[in-house]
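Undergrad: Please find model12.pdb (PDB, C-alpha atoms, pLDDT in the B column) on the next line:
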```pdb
ATOM      1  CA  MET N   1     116.917 121.634  85.470  1.00 50.00           C
ATOM      2  CA  THR N   2     120.466 121.740  84.094  1.00 53.00           C
ATOM      3  CA  PRO N   3     122.846 118.806  84.650  1.00 52.00           C
ATOM      4  CA  GLN N   4     125.024 121.081  86.789  1.00 54.00           C
ATOM      5  CA  ALA N   5     122.094 121.871  89.095  1.00 54.00           C
ATOM      6  CA  ARG N   6     121.207 118.175  89.340  1.00 59.00           C
ATOM      7  CA  ASP N   7     124.756 117.449  90.528  1.00 65.00           C
ATOM      8  CA  ARG N   8     124.703 120.025  93.322  1.00 72.00           C
ATOM      9  CA  VAL N   9     125.783 118.846  96.769  1.00 75.00           C
ATOM     10  CA  LEU N  10     125.820 122.021  98.846  1.00 80.00           C
ATOM     11  CA  THR N  11     122.120 122.868  99.022  1.00 83.00           C
ATOM     12  CA  ILE N  12     119.891 123.818 101.936  1.00 84.00           C
ATOM     13  CA  PRO N  13     117.737 120.641 101.663  1.00 83.00           C
ATOM     14  CA  ASN N  14     120.850 118.450 101.648  1.00 83.00           C
ATOM     15  CA  ALA N  15     122.238 120.289 104.693  1.00 87.00           C
ATOM     16  CA  LEU N  16     118.951 119.752 106.554  1.00 87.00           C
ATOM     17  CA  SER N  17     118.985 116.042 105.676  1.00 87.00           C
ATOM     18  CA  VAL N  18     122.564 115.686 106.955  1.00 90.00           C
ATOM     19  CA  ILE N  19     121.652 117.449 110.215  1.00 91.00           C
ATOM     20  CA  ARG N  20     118.680 115.117 110.645  1.00 91.00           C
ATOM     21  CA  LEU N  21     120.963 112.129 110.053  1.00 92.00           C
ATOM     22  CA  VAL N  22     123.530 113.324 112.620  1.00 94.00           C
ATOM     23  CA  LEU N  23     120.766 113.796 115.193  1.00 94.00           C
ATOM     24  CA  VAL N  24     119.706 110.120 115.055  1.00 95.00           C
ATOM     25  CA  PRO N  25     122.425 108.892 117.477  1.00 95.00           C
ATOM     26  CA  VAL N  26     121.873 111.995 119.616  1.00 96.00           C
ATOM     27  CA  PHE N  27     118.187 111.089 119.912  1.00 96.00           C
ATOM     28  CA  LEU N  28     119.003 107.511 120.885  1.00 96.00           C
ATOM     29  CA  TYR N  29     121.519 108.699 123.495  1.00 97.00           C
ATOM     30  CA  LEU N  30     118.998 111.074 125.056  1.00 95.00           C
ATOM     31  CA  LEU N  31     116.291 108.414 125.015  1.00 94.00           C
ATOM     32  CA  LEU N  32     118.219 105.394 126.254  1.00 95.00           C
ATOM     33  CA  VAL N  33     121.162 106.751 128.263  1.00 95.00           C
ATOM     34  CA  THR N  34     120.232 110.084 129.851  1.00 94.00           C
ATOM     35  CA  HIS N  35     116.436 109.564 129.654  1.00 93.00           C
ATOM     36  CA  ASP N  36     116.042 113.215 128.709  1.00 93.00           C
ATOM     37  CA  TYR N  37     112.678 112.793 127.019  1.00 93.00           C
ATOM     38  CA  GLY N  38     112.145 116.532 126.591  1.00 92.00           C
ATOM     39  CA  LEU N  39     115.220 116.993 124.395  1.00 94.00           C
ATOM     40  CA  ALA N  40     114.475 113.727 122.594  1.00 94.00           C
ATOM     41  CA  VAL N  41     111.029 115.071 121.683  1.00 94.00           C
ATOM     42  CA  ALA N  42     112.620 118.340 120.542  1.00 94.00           C
ATOM     43  CA  ILE N  43     114.836 116.397 118.136  1.00 94.00           C
ATOM     44  CA  LEU N  44     111.838 114.540 116.711  1.00 92.00           C
ATOM     45  CA  MET N  45     109.952 117.820 116.288  1.00 91.00           C
ATOM     46  CA  PHE N  46     112.934 119.407 114.529  1.00 90.00           C
ATOM     47  CA  SER N  47     113.277 116.341 112.321  1.00 88.00           C
ATOM     48  CA  GLY N  48     109.630 116.491 111.302  1.00 85.00           C
ATOM     49  CA  PHE N  49     109.761 120.228 110.567  1.00 87.00           C
ATOM     50  CA  SER N  50     113.055 120.027 108.651  1.00 85.00           C
ATOM     51  CA  ASP N  51     111.751 117.075 106.610  1.00 82.00           C
ATOM     52  CA  TRP N  52     108.781 119.207 105.554  1.00 82.00           C
ATOM     53  CA  ALA N  53     110.981 122.277 104.996  1.00 82.00           C
ATOM     54  CA  ASP N  54     113.615 120.624 102.812  1.00 76.00           C
ATOM     55  CA  GLY N  55     110.932 119.281 100.480  1.00 76.00           C
ATOM     56  CA  LYS N  56     109.340 122.714 100.174  1.00 79.00           C
ATOM     57  CA  ILE N  57     112.674 124.411  99.559  1.00 82.00           C
ATOM     58  CA  ALA N  58     113.698 121.849  96.947  1.00 75.00           C
ATOM     59  CA  ARG N  59     110.441 122.374  95.038  1.00 77.00           C
ATOM     60  CA  LEU N  60     110.064 126.136  95.336  1.00 78.00           C
ATOM     61  CA  VAL N  61     113.599 127.568  95.356  1.00 76.00           C
ATOM     62  CA  ASP N  62     115.770 127.590  92.239  1.00 71.00           C
ATOM     63  CA  ASN N  63     118.856 125.360  92.201  1.00 72.00           C
ATOM     64  CA  GLN N  64     117.984 123.651  95.494  1.00 73.00           C
ATOM     65  CA  SER N  65     116.795 120.364  94.019  1.00 73.00           C
ATOM     66  CA  SER N  66     119.464 117.741  93.354  1.00 74.00           C
ATOM     67  CA  ARG N  67     119.906 114.052  92.643  1.00 76.00           C
ATOM     68  CA  LEU N  68     121.688 113.656  95.999  1.00 75.00           C
ATOM     69  CA  GLY N  69     118.700 115.181  97.771  1.00 72.00           C
ATOM     70  CA  GLU N  70     116.306 112.805  96.015  1.00 77.00           C
ATOM     71  CA  LEU N  71     118.307 109.882  97.404  1.00 79.00           C
ATOM     72  CA  LEU N  72     119.308 111.315 100.805  1.00 81.00           C
ATOM     73  CA  ASP N  73     115.913 112.554 101.999  1.00 81.00           C
ATOM     74  CA  PRO N  74     114.039 109.222 101.741  1.00 81.00           C
ATOM     75  CA  LEU N  75     117.095 107.402 103.136  1.00 85.00           C
ATOM     76  CA  VAL N  76     117.062 109.573 106.263  1.00 87.00           C
ATOM     77  CA  ASP N  77     113.289 109.067 106.539  1.00 85.00           C
ATOM     78  CA  ARG N  78     113.797 105.300 106.509  1.00 86.00           C
ATOM     79  CA  ILE N  79     116.537 105.542 109.152  1.00 90.00           C
ATOM     80  CA  TYR N  80     114.209 107.520 111.422  1.00 90.00           C
ATOM     81  CA  MET N  81     111.398 105.042 110.810  1.00 87.00           C
ATOM     82  CA  LEU N  82     113.774 102.322 112.009  1.00 91.00           C
ATOM     83  CA  ALA N  83     115.633 104.122 114.815  1.00 93.00           C
ATOM     84  CA  VAL N  84     112.655 105.791 116.513  1.00 93.00           C
ATOM     85  CA  PRO N  85     110.432 102.727 117.071  1.00 94.00           C
ATOM     86  CA  VAL N  86     113.422 100.526 117.971  1.00 95.00           C
ATOM     87  CA  GLY N  87     114.605 103.145 120.467  1.00 95.00           C
ATOM     88  CA  LEU N  88     111.139 103.437 121.986  1.00 95.00           C
ATOM     89  CA  GLY N  89     110.913  99.646 122.120  1.00 95.00           C
ATOM     90  CA  LEU N  90     114.256  99.397 123.944  1.00 96.00           C
ATOM     91  CA  ALA N  91     113.065 102.091 126.352  1.00 94.00           C
ATOM     92  CA  GLY N  92     109.910 100.062 127.050  1.00 94.00           C
ATOM     93  CA  ILE N  93     107.638 102.847 125.818  1.00 94.00           C
ATOM     94  CA  VAL N  94     106.020 101.035 122.878  1.00 94.00           C
ATOM     95  CA  PRO N  95     105.410  97.269 122.618  1.00 95.00           C
ATOM     96  CA  TRP N  96     107.675  95.197 120.436  1.00 95.00           C
ATOM     97  CA  TRP N  97     104.815  94.020 118.221  1.00 95.00           C
ATOM     98  CA  VAL N  98     104.496  97.596 116.956  1.00 94.00           C
ATOM     99  CA  VAL N  99     108.228  97.711 116.219  1.00 94.00           C
ATOM    100  CA  ALA N 100     108.130  94.308 114.513  1.00 96.00           C
ATOM    101  CA  THR N 101     105.146  95.333 112.364  1.00 94.00           C
ATOM    102  CA  LEU N 102     106.855  98.490 111.130  1.00 93.00           C
ATOM    103  CA  ILE N 103     110.183  96.803 110.430  1.00 93.00           C
ATOM    104  CA  GLY N 104     108.524  93.760 108.873  1.00 94.00           C
ATOM    105  CA  ARG N 105     106.483  95.939 106.531  1.00 93.00           C
ATOM    106  CA  ASP N 106     109.585  97.793 105.318  1.00 90.00           C
ATOM    107  CA  ALA N 107     111.526  94.537 104.952  1.00 92.00           C
ATOM    108  CA  VAL N 108     108.817  93.049 102.740  1.00 92.00           C
ATOM    109  CA  LEU N 109     108.762  96.109 100.491  1.00 90.00           C
ATOM    110  CA  ALA N 110     112.567  96.201 100.334  1.00 89.00           C
ATOM    111  CA  ALA N 111     112.503  92.582  99.136  1.00 91.00           C
ATOM    112  CA  THR N 112     110.460  93.661  96.096  1.00 90.00           C
ATOM    113  CA  LEU N 113     113.074  96.169  94.880  1.00 88.00           C
ATOM    114  CA  PRO N 114     115.058  93.606  92.834  1.00 90.00           C
ATOM    115  CA  VAL N 115     111.830  92.619  91.092  1.00 88.00           C
ATOM    116  CA  VAL N 116     110.986  96.234  90.260  1.00 86.00           C
ATOM    117  CA  ARG N 117     114.517  96.971  89.077  1.00 86.00           C
ATOM    118  CA  SER N 118     114.539  93.846  86.918  1.00 87.00           C
ATOM    119  CA  ARG N 119     111.802  95.614  84.927  1.00 83.00           C
ATOM    120  CA  GLY N 120     114.049  98.652  84.376  1.00 81.00           C
ATOM    121  CA  LEU N 121     112.445 100.833  87.059  1.00 79.00           C
ATOM    122  CA  THR N 122     114.295 102.329  90.002  1.00 75.00           C
ATOM    123  CA  ALA N 123     111.236 102.656  92.267  1.00 73.00           C
ATOM    124  CA  LEU N 124     107.464 102.920  92.224  1.00 77.00           C
ATOM    125  CA  PRO N 125     105.549 106.139  92.955  1.00 77.00           C
ATOM    126  CA  VAL N 126     104.993 106.997  96.616  1.00 75.00           C
ATOM    127  CA  THR N 127     101.286 106.984  97.471  1.00 80.00           C
ATOM    128  CA  TYR N 128      99.538 109.732  99.401  1.00 84.00           C
ATOM    129  CA  ILE N 129      98.331 107.198 101.953  1.00 90.00           C
ATOM    130  CA  GLY N 130     101.947 106.199 102.538  1.00 85.00           C
ATOM    131  CA  LYS N 131     102.913 109.824 103.110  1.00 82.00           C
ATOM    132  CA  ALA N 132      99.960 110.290 105.462  1.00 89.00           C
ATOM    133  CA  ALA N 133     100.938 107.140 107.359  1.00 90.00           C
ATOM    134  CA  THR N 134     104.502 108.368 107.834  1.00 85.00           C
ATOM    135  CA  PHE N 135     103.188 111.742 109.031  1.00 86.00           C
ATOM    136  CA  ALA N 136     100.848 110.061 111.527  1.00 91.00           C
ATOM    137  CA  LEU N 137     103.575 107.782 112.869  1.00 91.00           C
ATOM    138  CA  MET N 138     106.155 110.543 113.193  1.00 87.00           C
ATOM    139  CA  SER N 139     103.538 112.669 114.956  1.00 90.00           C
ATOM    140  CA  GLY N 140     102.456 109.851 117.240  1.00 93.00           C
ATOM    141  CA  PHE N 141     105.905 108.858 118.499  1.00 93.00           C
ATOM    142  CA  PRO N 142     106.851 112.231 120.037  1.00 93.00           C
ATOM    143  CA  LEU N 143     103.366 112.587 121.533  1.00 94.00           C
ATOM    144  CA  ILE N 144     103.703 109.157 123.140  1.00 95.00           C
ATOM    145  CA  LEU N 145     107.087 110.242 124.458  1.00 93.00           C
ATOM    146  CA  LEU N 146     105.504 113.363 125.912  1.00 93.00           C
ATOM    147  CA  GLY N 147     103.003 111.104 127.640  1.00 93.00           C
ATOM    148  CA  GLN N 148     105.623 109.654 129.977  1.00 91.00           C
ATOM    149  CA  TRP N 149     105.240 112.271 132.735  1.00 92.00           C
ATOM    150  CA  ASP N 150     102.947 111.734 135.719  1.00 89.00           C
ATOM    151  CA  ALA N 151     100.590 114.605 134.967  1.00 92.00           C
ATOM    152  CA  THR N 152      97.107 114.976 133.512  1.00 92.00           C
ATOM    153  CA  TRP N 153      98.306 116.934 130.472  1.00 93.00           C
ATOM    154  CA  SER N 154     100.909 114.238 129.796  1.00 93.00           C
ATOM    155  CA  ARG N 155      98.363 111.424 129.890  1.00 94.00           C
ATOM    156  CA  VAL N 156      96.073 113.329 127.499  1.00 95.00           C
ATOM    157  CA  VAL N 157      98.933 114.004 125.081  1.00 95.00           C
ATOM    158  CA  GLY N 158     100.045 110.376 125.330  1.00 94.00           C
ATOM    159  CA  ALA N 159      96.531 109.159 124.501  1.00 95.00           C
ATOM    160  CA  CYS N 160      96.502 111.411 121.424  1.00 96.00           C
ATOM    161  CA  GLY N 161      99.875 109.960 120.471  1.00 95.00           C
ATOM    162  CA  TRP N 162      98.520 106.416 120.630  1.00 96.00           C
ATOM    163  CA  GLY N 163      95.607 107.494 118.455  1.00 96.00           C
ATOM    164  CA  PHE N 164      98.031 108.797 115.832  1.00 95.00           C
ATOM    165  CA  LEU N 165     100.153 105.651 116.117  1.00 95.00           C
ATOM    166  CA  ILE N 166      97.249 103.241 115.632  1.00 95.00           C
ATOM    167  CA  TRP N 167      95.861 105.304 112.759  1.00 95.00           C
ATOM    168  CA  GLY N 168      99.303 105.566 111.157  1.00 94.00           C
ATOM    169  CA  LEU N 169     100.019 101.861 111.610  1.00 95.00           C
ATOM    170  CA  GLY N 170      96.817 100.929 109.804  1.00 95.00           C
ATOM    171  CA  MET N 171      97.578 103.272 106.899  1.00 94.00           C
ATOM    172  CA  TYR N 172     101.197 102.085 106.804  1.00 93.00           C
ATOM    173  CA  LEU N 173     100.056  98.498 106.318  1.00 94.00           C
ATOM    174  CA  TRP N 174      97.426  99.483 103.753  1.00 95.00           C
ATOM    175  CA  SER N 175      99.991 101.489 101.788  1.00 93.00           C
ATOM    176  CA  ALA N 176     102.133  98.320 101.701  1.00 93.00           C
ATOM    177  CA  VAL N 177      99.207  96.390 100.208  1.00 94.00           C
ATOM    178  CA  LEU N 178      98.792  99.084  97.532  1.00 92.00           C
ATOM    179  CA  TYR N 179     102.534  98.976  96.807  1.00 91.00           C
ATOM    180  CA  LEU N 180     102.475  95.198  96.405  1.00 92.00           C
ATOM    181  CA  MET N 181      99.547  95.557  94.011  1.00 92.00           C
ATOM    182  CA  GLN N 182     101.670  97.975  91.964  1.00 90.00           C
ATOM    183  CA  VAL N 183     104.525  95.472  91.966  1.00 91.00           C
ATOM    184  CA  ARG N 184     102.173  92.754  90.714  1.00 90.00           C
ATOM    185  CA  LEU N 185     100.980  95.046  87.931  1.00 89.00           C
ATOM    186  CA  VAL N 186     104.562  95.853  86.923  1.00 87.00           C
ATOM    187  CA  VAL N 187     105.484  92.174  86.798  1.00 88.00           C
ATOM    188  CA  ARG N 188     102.445  91.350  84.649  1.00 88.00           C
ATOM    189  CA  THR N 189     102.789  94.235  82.192  1.00 87.00           C
ATOM    190  CA  LEU N 190     106.524  94.944  81.821  1.00 82.00           C
ATOM    191  CA  PRO N 191     109.088  92.469  80.481  1.00 84.00           C
ATOM    192  CA  LYS N 192     112.417  92.084  82.210  1.00 80.00           C
ATOM    193  CA  ALA N 193     114.905  94.768  81.247  1.00 70.00           C
ATOM    194  CA  GLY N 194     117.392  93.476  78.728  1.00 66.00           C
ATOM    195  CA  ALA N 195     115.199  90.551  77.635  1.00 58.00           C
ATOM    196  CA  ASP N 196     115.519  92.070  74.215  1.00 51.00           C
ATOM    197  CA  ASN N 197     116.417  95.551  72.992  1.00 49.00           C
ATOM    198  CA  ASP N 198     112.856  96.731  72.465  1.00 50.00           C
ATOM    199  CA  SER N 199     111.471  95.468  75.759  1.00 45.00           C
ATOM    200  CA  GLY N 200     114.461  96.867  77.656  1.00 46.00           C
ATOM    201  CA  LYS N 201     113.913 100.291  76.123  1.00 47.00           C
ATOM    202  CA  ASP N 202     110.198 100.222  76.970  1.00 47.00           C
ATOM    203  CA  ALA N 203     110.846  99.302  80.600  1.00 41.00           C
ATOM    204  CA  ARG N 204     113.391 102.086  81.078  1.00 45.00           C
ATOM    205  CA  THR N 205     111.089 104.712  79.689  1.00 41.00           C
ATOM    206  CA  ALA N 206     107.935 103.559  81.453  1.00 39.00           C
TER     207      ALA N 206
END
```
If you convert what's in this file into structure tokens, what do you get?
TA:
Amino acid sequence: MTPQARDRVLTIPNALSVIRLVLVPVFLYLLLVTHDYGLAVAILMFSGFSDWADGKIARLVDNQSSRLGELLDPLVDRIYMLAVPVGLGLAGIVPWWVVATLIGRDAVLAATLPVVRSRGLTALPVTYIGKAATFALMSGFPLILLGQWDATWSRVVGACGWGFLIWGLGMYLWSAVLYLMQVRLVVRTLPKAGADNDSGKDARTA
């Protein structure tokens, strides 16, 4: 990819990420103020589809991948992973221990970033189990929301949502364990960046 393409801002994936970001406060308003669960679920479904679509477009379409997109997409994902469970917790739909577990897990991993960057790395590779966990959680939350109506179909859908949530929560915690193991390996095998010229160069190119 050329440097000019890497610096692109106006791309379809970036536009989708911005739309997803703008919809976060809309989702919270629908959930907590108007209690319009149907539209709130629609926003979560659009967010999930657009998250999948912008990744596909960035990989398969020429000149649609950019450095901004590489930073913006995971940032929006993290915002959703914070806003959705907190919103559902405030609405009394999911227990606070679920919210605390998700936020605590992300806080622990965020605390390791200075350690990773001190070795000259910007981030560690995302694991497939982490991606699967995020998919399960972001599938479970809207299903749980759909389970709030007093109807048989709603109770069935809600039960499926809790299945996804429990499955996703387990994988989310396991992916954190795997990430911490990677951090330990980095600390043991890579010297701190800038410790000397050679070690700094090795860490940056690892």
Undergrad: Atom CA of Leu173 of chain N and atom CA of Gly104 of chain N, how far apart in Å?
TA: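 If I compute the distance from atom CA of Gly104 of chain N to atom CA of Leu173 of chain N, I get 10.0 Å.
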Undergrad: Got a sec: who's within 8 Å of Leu113 of chain N, counting only C-alpha atoms, leaving out chain neighbours fewer than 3 positions off, as number ranges by chain?
TA: N: 109-110, 116-117, 122-123
Undergrad: Excluding same-chain residues fewer than 2 positions from segment 15-29 of chain N, what lies within 10 Å of it counting all atoms listed in the file, as a VMD selection string?
TA: chain N and resid 9 to 13 31 to 37 39 to 44 46 to 48 50 to 51 53 to 54 69 72 to 77 79 to 80 83 to 84 86 to 88 90 to 91
Undergrad: Atom CA of Ile144 of chain N and atom CA of Ser175 of chain N are how many Å apart?
TA: 23.0 Å
Undergrad: Enclose all atoms of segment 15-31 of chain N listed in the file in an axis-aligned box, grow every side by 8 Å, and hand back centre and edge lengths in Å to one decimal, as JSON.
TA:
```
{"center_x": 119.9, "center_y": 113.9, "center_z": 114.9, "size_x": 23.2, "size_y": 28.8, "size_z": 36.4}
```
